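Just target-v7.json here, JSON, N, CA and C atoms:
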[["chain", "number", "residue", "atom", "x", "y", "z"],
["L", 1, "MET", "N", 12.74, 14.64, -10.97],
["L", 1, "MET", "CA", 11.56, 13.78, -11.00],
["L", 1, "MET", "C", 11.77, 12.67, -9.98],
["L", 2, "SER", "N", 10.76, 12.47, -9.15],
["L", 2, "SER", "CA", 10.78, 11.41, -8.14],
["L", 2, "SER", "C", 9.75, 10.35, -8.52],
["L", 3, "VAL", "N", 9.93, 9.16, -7.98],
["L", 3, "VAL", "CA", 8.96, 8.09, -8.14],
["L", 3, "VAL", "C", 8.53, 7.65, -6.75],
["L", 4, "VAL", "N", 7.22, 7.58, -6.55],
["L", 4, "VAL", "CA", 6.65, 7.19, -5.26],
["L", 4, "VAL", "C", 5.77, 5.97, -5.51],
["L", 5, "SER", "N", 5.85, 5.00, -4.61],
["L", 5, "SER", "CA", 5.00, 3.82, -4.71],
["L", 5, "SER", "C", 3.71, 4.09, -3.95],
["L", 6, "ILE", "N", 2.59, 4.03, -4.66],
["L", 6, "ILE", "CA", 1.28, 4.33, -4.08],
["L", 6, "ILE", "C", 0.49, 3.03, -3.95],
["L", 7, "PRO", "N", 0.20, 2.60, -2.71],
["L", 7, "PRO", "CA", -0.60, 1.38, -2.55],
["L", 7, "PRO", "C", -2.09, 1.69, -2.67],
["L", 8, "ILE", "N", -2.75, 0.94, -3.56],
["L", 8, "ILE", "CA", -4.19, 1.03, -3.71],
["L", 8, "ILE", "C", -4.73, -0.39, -3.69],
["L", 9, "VAL", "N", -5.51, -0.69, -2.67],
["L", 9, "VAL", "CA", -6.10, -2.02, -2.46],
["L", 9, "VAL", "C", -5.03, -3.10, -2.63],
["L", 10, "ASN", "N", -4.00, -3.00, -1.81],
["L", 10, "ASN", "CA", -2.96, -4.03, -1.70],
["L", 10, "ASN", "C", -2.09, -4.22, -2.94],
["L", 11, "LYS", "N", -2.09, -3.27, -3.84],
["L", 11, "LYS", "CA", -1.19, -3.32, -4.98],
["L", 11, "LYS", "C", -0.47, -1.98, -5.07],
["L", 12, "ASN", "N", 0.83, -2.02, -5.31],
["L", 12, "ASN", "CA", 1.62, -0.79, -5.39],
["L", 12, "ASN", "C", 1.72, -0.31, -6.82],
["L", 13, "TYR", "N", 1.54, 1.01, -6.99],
["L", 13, "TYR", "CA", 1.62, 1.65, -8.28],
["L", 13, "TYR", "C", 2.72, 2.70, -8.23],
["L", 14, "PRO", "N", 3.79, 2.53, -9.01],
["L", 14, "PRO", "CA", 4.83, 3.56, -9.04],
["L", 14, "PRO", "C", 4.31, 4.78, -9.80],
["L", 15, "MET", "N", 4.43, 5.93, -9.18],
["L", 15, "MET", "CA", 3.93, 7.18, -9.77],
["L", 15, "MET", "C", 5.05, 8.21, -9.79],
["L", 16, "GLY", "N", 5.21, 8.86, -10.91],
["L", 16, "GLY", "CA", 6.18, 9.93, -11.01],
["L", 16, "GLY", "C", 5.60, 11.24, -10.52],
["L", 17, "CYS", "N", 6.45, 12.07, -9.95],
["L", 17, "CYS", "CA", 6.01, 13.40, -9.51],
["L", 17, "CYS", "C", 7.22, 14.33, -9.47],
["L", 18, "GLU", "N", 6.93, 15.59, -9.41],
["L", 18, "GLU", "CA", 8.00, 16.58, -9.30],
["L", 18, "GLU", "C", 8.65, 16.45, -7.93],
["L", 19, "ASP", "N", 9.94, 16.72, -7.86],
["L", 19, "ASP", "CA", 10.63, 16.70, -6.58],
["L", 19, "ASP", "C", 9.92, 17.64, -5.61],
["L", 20, "GLY", "N", 9.74, 17.17, -4.39],
["L", 20, "GLY", "CA", 9.07, 17.96, -3.36],
["L", 20, "GLY", "C", 7.57, 17.70, -3.27],
["L", 21, "GLN", "N", 7.02, 16.97, -4.23],
["L", 21, "GLN", "CA", 5.58, 16.68, -4.25],
["L", 21, "GLN", "C", 5.25, 15.28, -3.73],
["L", 22, "GLU", "N", 6.26, 14.58, -3.24],
["L", 22, "GLU", "CA", 6.08, 13.20, -2.81],
["L", 22, "GLU", "C", 5.01, 13.05, -1.73],
["L", 23, "SER", "N", 5.07, 13.88, -0.71],
["L", 23, "SER", "CA", 4.11, 13.74, 0.40],
["L", 23, "SER", "C", 2.68, 14.05, -0.06],
["L", 24, "ARG", "N", 2.53, 14.99, -0.97],
["L", 24, "ARG", "CA", 1.20, 15.30, -1.51],
["L", 24, "ARG", "C", 0.66, 14.10, -2.29],
["L", 25, "LEU", "N", 1.50, 13.50, -3.10],
["L", 25, "LEU", "CA", 1.08, 12.33, -3.88],
["L", 25, "LEU", "C", 0.73, 11.16, -2.97],
["L", 26, "ILE", "N", 1.48, 10.97, -1.91],
["L", 26, "ILE", "CA", 1.19, 9.90, -0.95],
["L", 26, "ILE", "C", -0.17, 10.14, -0.29],
["L", 27, "GLU", "N", -0.45, 11.38, 0.11],
["L", 27, "GLU", "CA", -1.74, 11.70, 0.72],
["L", 27, "GLU", "C", -2.89, 11.47, -0.25],
["L", 28, "LEU", "N", -2.71, 11.90, -1.49],
["L", 28, "LEU", "CA", -3.75, 11.66, -2.50],
["L", 28, "LEU", "C", -3.96, 10.17, -2.71],
["L", 29, "GLY", "N", -2.87, 9.41, -2.72],
["L", 29, "GLY", "CA", -2.98, 7.97, -2.86],
["L", 29, "GLY", "C", -3.76, 7.34, -1.72],
["L", 30, "LYS", "N", -3.56, 7.84, -0.52],
["L", 30, "LYS", "CA", -4.31, 7.33, 0.63],
["L", 30, "LYS", "C", -5.80, 7.61, 0.48],
["L", 31, "MET", "N", -6.13, 8.77, -0.05],
["L", 31, "MET", "CA", -7.54, 9.11, -0.28],
["L", 31, "MET", "C", -8.15, 8.18, -1.32],
["L", 32, "VAL", "N", -7.43, 7.93, -2.40],
["L", 32, "VAL", "CA", -7.93, 7.05, -3.46],
["L", 32, "VAL", "C", -8.08, 5.63, -2.92],
["L", 33, "ASP", "N", -7.09, 5.17, -2.16],
["L", 33, "ASP", "CA", -7.16, 3.83, -1.58],
["L", 33, "ASP", "C", -8.38, 3.69, -0.67],
["L", 34, "ALA", "N", -8.61, 4.69, 0.16],
["L", 34, "ALA", "CA", -9.76, 4.63, 1.07],
["L", 34, "ALA", "C", -11.07, 4.58, 0.29],
["L", 35, "ARG", "N", -11.16, 5.38, -0.76],
["L", 35, "ARG", "CA", -12.40, 5.39, -1.56],
["L", 35, "ARG", "C", -12.58, 4.07, -2.28],
["L", 36, "ALA", "N", -11.51, 3.50, -2.81],
["L", 36, "ALA", "CA", -11.59, 2.20, -3.49],
["L", 36, "ALA", "C", -12.05, 1.12, -2.52],
["L", 37, "ARG", "N", -11.53, 1.16, -1.31],
["L", 37, "ARG", "CA", -11.94, 0.17, -0.31],
["L", 37, "ARG", "C", -13.43, 0.33, 0.07],
["L", 38, "GLU", "N", -13.90, 1.57, 0.13],
["L", 38, "GLU", "CA", -15.32, 1.80, 0.40],
["L", 38, "GLU", "C", -16.18, 1.19, -0.70],
["L", 39, "ILE", "N", -15.76, 1.37, -1.93],
["L", 39, "ILE", "CA", -16.49, 0.81, -3.06],
["L", 39, "ILE", "C", -16.53, -0.71, -2.96],
["L", 40, "LEU", "N", -15.39, -1.32, -2.68],
["L", 40, "LEU", "CA", -15.33, -2.77, -2.58],
["L", 40, "LEU", "C", -16.18, -3.28, -1.41],
["L", 41, "ASP", "N", -16.20, -2.54, -0.32],
["L", 41, "ASP", "CA", -17.02, -2.93, 0.83],
["L", 41, "ASP", "C", -18.51, -2.92, 0.47],
["L", 42, "LYS", "N", -18.91, -1.98, -0.38],
["L", 42, "LYS", "CA", -20.32, -1.85, -0.75],
["L", 42, "LYS", "C", -20.76, -2.85, -1.81],
["L", 43, "ILE", "N", -19.92, -3.09, -2.82],
["L", 43, "ILE", "CA", -20.37, -3.92, -3.93],
["L", 43, "ILE", "C", -19.65, -5.25, -4.06],
["L", 44, "GLY", "N", -18.64, -5.46, -3.24],
["L", 44, "GLY", "CA", -17.95, -6.74, -3.28],
["L", 44, "GLY", "C", -16.76, -6.74, -4.22],
["L", 45, "PRO", "N", -16.10, -7.88, -4.33],
["L", 45, "PRO", "CA", -14.88, -7.98, -5.14],
["L", 45, "PRO", "C", -15.13, -7.63, -6.61],
["L", 46, "LEU", "N", -14.15, -6.98, -7.19],
["L", 46, "LEU", "CA", -14.19, -6.61, -8.61],
["L", 46, "LEU", "C", -12.83, -6.89, -9.23],
["L", 47, "PRO", "N", -12.80, -7.21, -10.52],
["L", 47, "PRO", "CA", -11.51, -7.25, -11.21],
["L", 47, "PRO", "C", -10.87, -5.86, -11.17],
["L", 48, "GLU", "N", -9.57, -5.83, -11.24],
["L", 48, "GLU", "CA", -8.84, -4.57, -11.12],
["L", 48, "GLU", "C", -9.33, -3.50, -12.09],
["L", 49, "ASN", "N", -9.53, -3.86, -13.35],
["L", 49, "ASN", "CA", -9.96, -2.85, -14.32],
["L", 49, "ASN", "C", -11.37, -2.35, -14.03],
["L", 50, "ALA", "N", -12.25, -3.22, -13.54],
["L", 50, "ALA", "CA", -13.60, -2.78, -13.19],
["L", 50, "ALA", "C", -13.58, -1.87, -11.97],
["L", 51, "LEU", "N", -12.73, -2.18, -11.01],
["L", 51, "LEU", "CA", -12.58, -1.31, -9.84],
["L", 51, "LEU", "C", -12.08, 0.06, -10.27],
["L", 52, "LEU", "N", -11.08, 0.09, -11.14],
["L", 52, "LEU", "CA", -10.54, 1.37, -11.61],
["L", 52, "LEU", "C", -11.62, 2.19, -12.30],
["L", 53, "ALA", "N", -12.38, 1.56, -13.20],
["L", 53, "ALA", "CA", -13.43, 2.29, -13.90],
["L", 53, "ALA", "C", -14.48, 2.81, -12.93],
["L", 54, "THR", "N", -14.89, 1.97, -11.98],
["L", 54, "THR", "CA", -15.88, 2.38, -10.99],
["L", 54, "THR", "C", -15.35, 3.52, -10.14],
["L", 55, "LEU", "N", -14.12, 3.40, -9.69],
["L", 55, "LEU", "CA", -13.50, 4.43, -8.87],
["L", 55, "LEU", "C", -13.43, 5.76, -9.62],
["L", 56, "CYS", "N", -13.06, 5.73, -10.88],
["L", 56, "CYS", "CA", -12.98, 6.96, -11.68],
["L", 56, "CYS", "C", -14.35, 7.62, -11.80],
["L", 57, "ILE", "N", -15.38, 6.82, -12.06],
["L", 57, "ILE", "CA", -16.72, 7.36, -12.20],
["L", 57, "ILE", "C", -17.19, 7.97, -10.88],
["L", 58, "VAL", "N", -16.96, 7.26, -9.78],
["L", 58, "VAL", "CA", -17.38, 7.76, -8.46],
["L", 58, "VAL", "C", -16.66, 9.07, -8.14],
["L", 59, "LEU", "N", -15.35, 9.11, -8.34],
["L", 59, "LEU", "CA", -14.60, 10.33, -8.03],
["L", 59, "LEU", "C", -15.00, 11.48, -8.96],
["L", 60, "ALA", "N", -15.21, 11.20, -10.24],
["L", 60, "ALA", "CA", -15.64, 12.24, -11.16],
["L", 60, "ALA", "C", -17.00, 12.79, -10.76],
["L", 61, "ASP", "N", -17.91, 11.90, -10.34],
["L", 61, "ASP", "CA", -19.23, 12.33, -9.89],
["L", 61, "ASP", "C", -19.11, 13.21, -8.65],
["L", 62, "GLU", "N", -18.25, 12.82, -7.73],
["L", 62, "GLU", "CA", -18.06, 13.62, -6.52],
["L", 62, "GLU", "C", -17.50, 14.99, -6.84],
["L", 63, "VAL", "N", -16.55, 15.05, -7.76],
["L", 63, "VAL", "CA", -15.96, 16.33, -8.15],
["L", 63, "VAL", "C", -17.01, 17.20, -8.83],
["L", 64, "ARG", "N", -17.77, 16.59, -9.71],
["L", 64, "ARG", "CA", -18.77, 17.34, -10.47],
["L", 64, "ARG", "C", -19.88, 17.87, -9.57],
["L", 65, "ASN", "N", -20.24, 17.16, -8.54],
["L", 65, "ASN", "CA", -21.36, 17.54, -7.69],
["L", 65, "ASN", "C", -20.96, 18.35, -6.46],
["L", 66, "ARG", "N", -19.75, 18.85, -6.44],
["L", 66, "ARG", "CA", -19.36, 19.72, -5.33],
["L", 66, "ARG", "C", -20.24, 20.96, -5.34],
["L", 67, "PRO", "N", -20.73, 21.37, -4.17],
["L", 67, "PRO", "CA", -21.65, 22.52, -4.14],
["L", 67, "PRO", "C", -21.00, 23.84, -4.55],
["L", 68, "VAL", "N", -19.73, 24.01, -4.24],
["L", 68, "VAL", "CA", -19.03, 25.24, -4.60],
["L", 68, "VAL", "C", -17.89, 24.86, -5.54],
["L", 69, "PRO", "N", -17.86, 25.44, -6.74],
["L", 69, "PRO", "CA", -16.76, 25.08, -7.65],
["L", 69, "PRO", "C", -15.42, 25.42, -7.01],
["L", 70, "SER", "N", -14.68, 24.38, -6.65],
["L", 70, "SER", "CA", -13.40, 24.62, -5.99],
["L", 70, "SER", "C", -12.25, 24.05, -6.81],
["L", 71, "ILE", "N", -12.54, 23.69, -8.04],
["L", 71, "ILE", "CA", -11.51, 23.12, -8.90],
["L", 71, "ILE", "C", -11.60, 23.80, -10.27],
["L", 72, "THR", "N", -10.46, 24.16, -10.79],
["L", 72, "THR", "CA", -10.44, 24.81, -12.09],
["L", 72, "THR", "C", -10.44, 23.76, -13.20],
["L", 73, "ASP", "N", -10.75, 24.20, -14.40],
["L", 73, "ASP", "CA", -10.70, 23.28, -15.53],
["L", 73, "ASP", "C", -9.30, 22.70, -15.69],
["L", 74, "GLU", "N", -8.29, 23.50, -15.47],
["L", 74, "GLU", "CA", -6.90, 23.03, -15.59],
["L", 74, "GLU", "C", -6.60, 21.95, -14.54],
["L", 75, "GLN", "N", -7.06, 22.16, -13.32],
["L", 75, "GLN", "CA", -6.85, 21.15, -12.27],
["L", 75, "GLN", "C", -7.57, 19.85, -12.62],
["L", 76, "LEU", "N", -8.77, 19.96, -13.15],
["L", 76, "LEU", "CA", -9.52, 18.78, -13.55],
["L", 76, "LEU", "C", -8.79, 18.04, -14.67],
["L", 77, "ARG", "N", -8.24, 18.78, -15.62],
["L", 77, "ARG", "CA", -7.47, 18.15, -16.70],
["L", 77, "ARG", "C", -6.26, 17.41, -16.13],
["L", 78, "GLU", "N", -5.60, 17.99, -15.12],
["L", 78, "GLU", "CA", -4.46, 17.33, -14.48],
["L", 78, "GLU", "C", -4.90, 16.05, -13.77],
["L", 79, "ILE", "N", -6.02, 16.09, -13.08],
["L", 79, "ILE", "CA", -6.55, 14.90, -12.40],
["L", 79, "ILE", "C", -6.86, 13.82, -13.41],
["L", 80, "LEU", "N", -7.53, 14.18, -14.48],
["L", 80, "LEU", "CA", -7.87, 13.20, -15.51],
["L", 80, "LEU", "C", -6.61, 12.62, -16.15],
["L", 81, "ALA", "N", -5.60, 13.45, -16.34],
["L", 81, "ALA", "CA", -4.34, 12.95, -16.90],
["L", 81, "ALA", "C", -3.70, 11.94, -15.94],
["L", 82, "ARG", "N", -3.76, 12.20, -14.65],
["L", 82, "ARG", "CA", -3.21, 11.26, -13.67],
["L", 82, "ARG", "C", -4.00, 9.96, -13.66],
["L", 83, "ILE", "N", -5.32, 10.06, -13.77],
["L", 83, "ILE", "CA", -6.15, 8.85, -13.83],
["L", 83, "ILE", "C", -5.77, 8.03, -15.06],
["L", 84, "ARG", "N", -5.57, 8.70, -16.18],
["L", 84, "ARG", "CA", -5.17, 7.98, -17.39],
["L", 84, "ARG", "C", -3.80, 7.31, -17.22],
["L", 85, "GLU", "N", -2.87, 8.00, -16.54],
["L", 85, "GLU", "CA", -1.56, 7.39, -16.27],
["L", 85, "GLU", "C", -1.71, 6.11, -15.46],
["L", 86, "ILE", "N", -2.54, 6.16, -14.44],
["L", 86, "ILE", "CA", -2.77, 4.97, -13.60],
["L", 86, "ILE", "C", -3.39, 3.86, -14.44],
["L", 87, "LYS", "N", -4.38, 4.21, -15.24],
["L", 87, "LYS", "CA", -5.03, 3.22, -16.09],
["L", 87, "LYS", "C", -4.02, 2.57, -17.02],
["L", 88, "ASN", "N", -3.15, 3.37, -17.63],
["L", 88, "ASN", "CA", -2.17, 2.83, -18.56],
["L", 88, "ASN", "C", -1.16, 1.92, -17.86],
["L", 89, "LYS", "N", -0.86, 2.22, -16.61],
["L", 89, "LYS", "CA", 0.09, 1.38, -15.85],
["L", 89, "LYS", "C", -0.51, 0.03, -15.49],
["L", 90, "ILE", "N", -1.83, -0.04, -15.31],
["L", 90, "ILE", "CA", -2.42, -1.30, -14.90],
["L", 90, "ILE", "C", -3.06, -2.06, -16.05],
["L", 91, "SER", "N", -3.10, -1.46, -17.23],
["L", 91, "SER", "CA", -3.71, -2.14, -18.38],
["L", 91, "SER", "C", -2.76, -3.16, -18.96]]

Have the structure of the file written as structure tokens, please.
Amino acid sequence: MSVVSIPIVNKNYPMGCEDGQESRLIELGKMVDARAREILDKIGPLPENALLATLCIVLADEVRNRPVPSITDEQLREILARIREIKNKIS
């Protein structure tokens, strides 16, 4: 098990992952950070918990509205579990 520090809007979040998955987790973190910054640019400053909730809703909406189902129920459950882990770390 490895731990990677993922920066999201200027705050680092330590995330656990399987050995060898570090670069994938870093790339995913960059995508989340970019999306969070887009949200903040559009609606302005938010408290951390409000940003997290907004980010989760936006990402869930994007996943749900994909034109071609490219994610399995199991993958979605894994994503939601990771979101919950992040939420628990910042709560």

**Q.** Between CA of Glu18 (chain L) and CA of Ser2 (chain L) - distance in Å to one decimal
**A.**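 So the two atoms, CA of Ser2 (chain L) and CA of Glu18 (chain L), lie 6.0 Å apart.
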
Q | Residue set, chain L restricted to helix (DSSP H, G or I), as a PyMOL selection string | A | chain L and resi 22-43+48-64+73-90

Q.
Just to confirm, what's the straight-line distance from atom N of Leu55 (chain L) to atom N of Glu22 (chain L) in Å (one decimal)?
A.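 Rounded to one decimal, the two atoms are 24.1 Å apart.
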
Q.
So, with only C-alpha atoms as the atoms that count, which of L:Tyr13, L:Val63, L:Ile86, L:Leu51 lies closest to Arg37 (chain L)?
A.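 Ranking L:Tyr13, L:Val63, L:Ile86, L:Leu51 by distance to Arg37 (chain L), first place goes to L:Leu51.
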
Q: Figure out the distance between CA of Lys30 (chain L) and CA of Ile6 (chain L), please, to one decimal in Å.
A: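 It comes out at 7.9 Å.
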
Q: May I have the residues within 6 Å of Pro7 (chain L) as number ranges by chain, using only N, CA and C atoms and disregarding those fewer than 4 positions away in the same chain?
A: L: 11-13, 29, 33

Provide an axis-aligned box for all listed atoms of region 25-44 of chain L, padding each side by 6 Å; report its centre and its edge lengths in Å to one decimal, as lines of an AutoDock Vina configuration file.
center_x = -9.6
center_y = 3.4
center_z = -1.6
size_x = 34.3
size_y = 32.2
size_z = 17.3

Q | Residues flagged strand (DSSP E) by DSSP in region 1-88 of chain L, as a PyMOL selection string | A | chain L and resi 2-8+11-17

(Q) Between L:Pro45, L:Val4, L:Arg64, L:Glu38, which residue has the minimum interatomic distance to Ile26 (chain L), considering only C-alpha atoms? (A)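 Counting only C-alpha atoms, the residue closest to Ile26 (chain L) is L:Val4.
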
**Q.** Nearest to Arg77 (chain L) by atom-to-atom distance, counting only C-alpha atoms, from L:Ile39, L:Ala60, L:Ile8, L:Ala34
**A.**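 Closest to Arg77 (chain L), using only C-alpha atoms: L:Ala60.
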
Complete region 58-76 of chain L with N, CA, C and O atoms (output as a PDB file, in the coordinates of the input).
ATOM      1  N   VAL L  58     -16.960   7.260  -9.780  1.00  0.00           N
ATOM      2  CA  VAL L  58     -17.380   7.760  -8.460  1.00  0.00           C
ATOM      3  C   VAL L  58     -16.660   9.070  -8.140  1.00  0.00           C
ATOM      4  O   VAL L  58     -17.286  10.049  -7.719  1.00  0.00           O
ATOM      5  N   LEU L  59     -15.350   9.110  -8.340  1.00  0.00           N
ATOM      6  CA  LEU L  59     -14.600  10.330  -8.030  1.00  0.00           C
ATOM      7  C   LEU L  59     -15.000  11.480  -8.960  1.00  0.00           C
ATOM      8  O   LEU L  59     -15.128  12.627  -8.503  1.00  0.00           O
ATOM      9  N   ALA L  60     -15.210  11.200 -10.240  1.00  0.00           N
ATOM     10  CA  ALA L  60     -15.640  12.240 -11.160  1.00  0.00           C
ATOM     11  C   ALA L  60     -17.000  12.790 -10.760  1.00  0.00           C
ATOM     12  O   ALA L  60     -17.231  14.006 -10.801  1.00  0.00           O
ATOM     13  N   ASP L  61     -17.910  11.900 -10.340  1.00  0.00           N
ATOM     14  CA  ASP L  61     -19.230  12.330  -9.890  1.00  0.00           C
ATOM     15  C   ASP L  61     -19.110  13.210  -8.650  1.00  0.00           C
ATOM     16  O   ASP L  61     -19.790  14.229  -8.540  1.00  0.00           O
ATOM     17  N   GLU L  62     -18.250  12.820  -7.730  1.00  0.00           N
ATOM     18  CA  GLU L  62     -18.060  13.620  -6.520  1.00  0.00           C
ATOM     19  C   GLU L  62     -17.500  14.990  -6.840  1.00  0.00           C
ATOM     20  O   GLU L  62     -17.937  16.000  -6.276  1.00  0.00           O
ATOM     21  N   VAL L  63     -16.550  15.050  -7.760  1.00  0.00           N
ATOM     22  CA  VAL L  63     -15.960  16.330  -8.150  1.00  0.00           C
ATOM     23  C   VAL L  63     -17.010  17.200  -8.830  1.00  0.00           C
ATOM     24  O   VAL L  63     -17.148  18.383  -8.540  1.00  0.00           O
ATOM     25  N   ARG L  64     -17.770  16.590  -9.710  1.00  0.00           N
ATOM     26  CA  ARG L  64     -18.770  17.340 -10.470  1.00  0.00           C
ATOM     27  C   ARG L  64     -19.880  17.870  -9.570  1.00  0.00           C
ATOM     28  O   ARG L  64     -20.429  18.952  -9.823  1.00  0.00           O
ATOM     29  N   ASN L  65     -20.240  17.160  -8.540  1.00  0.00           N
ATOM     30  CA  ASN L  65     -21.360  17.540  -7.690  1.00  0.00           C
ATOM     31  C   ASN L  65     -20.960  18.350  -6.460  1.00  0.00           C
ATOM     32  O   ASN L  65     -21.774  18.517  -5.563  1.00  0.00           O
ATOM     33  N   ARG L  66     -19.750  18.850  -6.440  1.00  0.00           N
ATOM     34  CA  ARG L  66     -19.360  19.720  -5.330  1.00  0.00           C
ATOM     35  C   ARG L  66     -20.240  20.960  -5.340  1.00  0.00           C
ATOM     36  O   ARG L  66     -20.447  21.573  -6.393  1.00  0.00           O
ATOM     37  N   PRO L  67     -20.730  21.370  -4.170  1.00  0.00           N
ATOM     38  CA  PRO L  67     -21.650  22.520  -4.140  1.00  0.00           C
ATOM     39  C   PRO L  67     -21.000  23.840  -4.550  1.00  0.00           C
ATOM     40  O   PRO L  67     -21.632  24.675  -5.150  1.00  0.00           O
ATOM     41  N   VAL L  68     -19.730  24.010  -4.240  1.00  0.00           N
ATOM     42  CA  VAL L  68     -19.030  25.240  -4.600  1.00  0.00           C
ATOM     43  C   VAL L  68     -17.890  24.860  -5.540  1.00  0.00           C
ATOM     44  O   VAL L  68     -17.061  24.020  -5.190  1.00  0.00           O
ATOM     45  N   PRO L  69     -17.860  25.440  -6.740  1.00  0.00           N
ATOM     46  CA  PRO L  69     -16.760  25.080  -7.650  1.00  0.00           C
ATOM     47  C   PRO L  69     -15.420  25.420  -7.010  1.00  0.00           C
ATOM     48  O   PRO L  69     -15.081  26.581  -6.827  1.00  0.00           O
ATOM     49  N   SER L  70     -14.680  24.380  -6.650  1.00  0.00           N
ATOM     50  CA  SER L  70     -13.400  24.620  -5.990  1.00  0.00           C
ATOM     51  C   SER L  70     -12.250  24.050  -6.810  1.00  0.00           C
ATOM     52  O   SER L  70     -11.146  23.943  -6.327  1.00  0.00           O
ATOM     53  N   ILE L  71     -12.540  23.690  -8.040  1.00  0.00           N
ATOM     54  CA  ILE L  71     -11.510  23.120  -8.900  1.00  0.00           C
ATOM     55  C   ILE L  71     -11.600  23.800 -10.270  1.00  0.00           C
ATOM     56  O   ILE L  71     -12.686  23.993 -10.801  1.00  0.00           O
ATOM     57  N   THR L  72     -10.460  24.160 -10.790  1.00  0.00           N
ATOM     58  CA  THR L  72     -10.440  24.810 -12.090  1.00  0.00           C
ATOM     59  C   THR L  72     -10.440  23.760 -13.200  1.00  0.00           C
ATOM     60  O   THR L  72     -10.162  22.581 -12.964  1.00  0.00           O
ATOM     61  N   ASP L  73     -10.750  24.200 -14.400  1.00  0.00           N
ATOM     62  CA  ASP L  73     -10.700  23.280 -15.530  1.00  0.00           C
ATOM     63  C   ASP L  73      -9.300  22.700 -15.690  1.00  0.00           C
ATOM     64  O   ASP L  73      -9.141  21.515 -16.005  1.00  0.00           O
ATOM     65  N   GLU L  74      -8.290  23.500 -15.470  1.00  0.00           N
ATOM     66  CA  GLU L  74      -6.900  23.030 -15.590  1.00  0.00           C
ATOM     67  C   GLU L  74      -6.600  21.950 -14.540  1.00  0.00           C
ATOM     68  O   GLU L  74      -5.974  20.940 -14.838  1.00  0.00           O
ATOM     69  N   GLN L  75      -7.060  22.160 -13.320  1.00  0.00           N
ATOM     70  CA  GLN L  75      -6.850  21.150 -12.270  1.00  0.00           C
ATOM     71  C   GLN L  75      -7.570  19.850 -12.620  1.00  0.00           C
ATOM     72  O   GLN L  75      -7.037  18.766 -12.422  1.00  0.00           O
ATOM     73  N   LEU L  76      -8.770  19.960 -13.150  1.00  0.00           N
ATOM     74  CA  LEU L  76      -9.520  18.780 -13.550  1.00  0.00           C
ATOM     75  C   LEU L  76      -8.790  18.040 -14.670  1.00  0.00           C
ATOM     76  O   LEU L  76      -8.709  16.813 -14.663  1.00  0.00           O
TER      77      LEU L  76
END
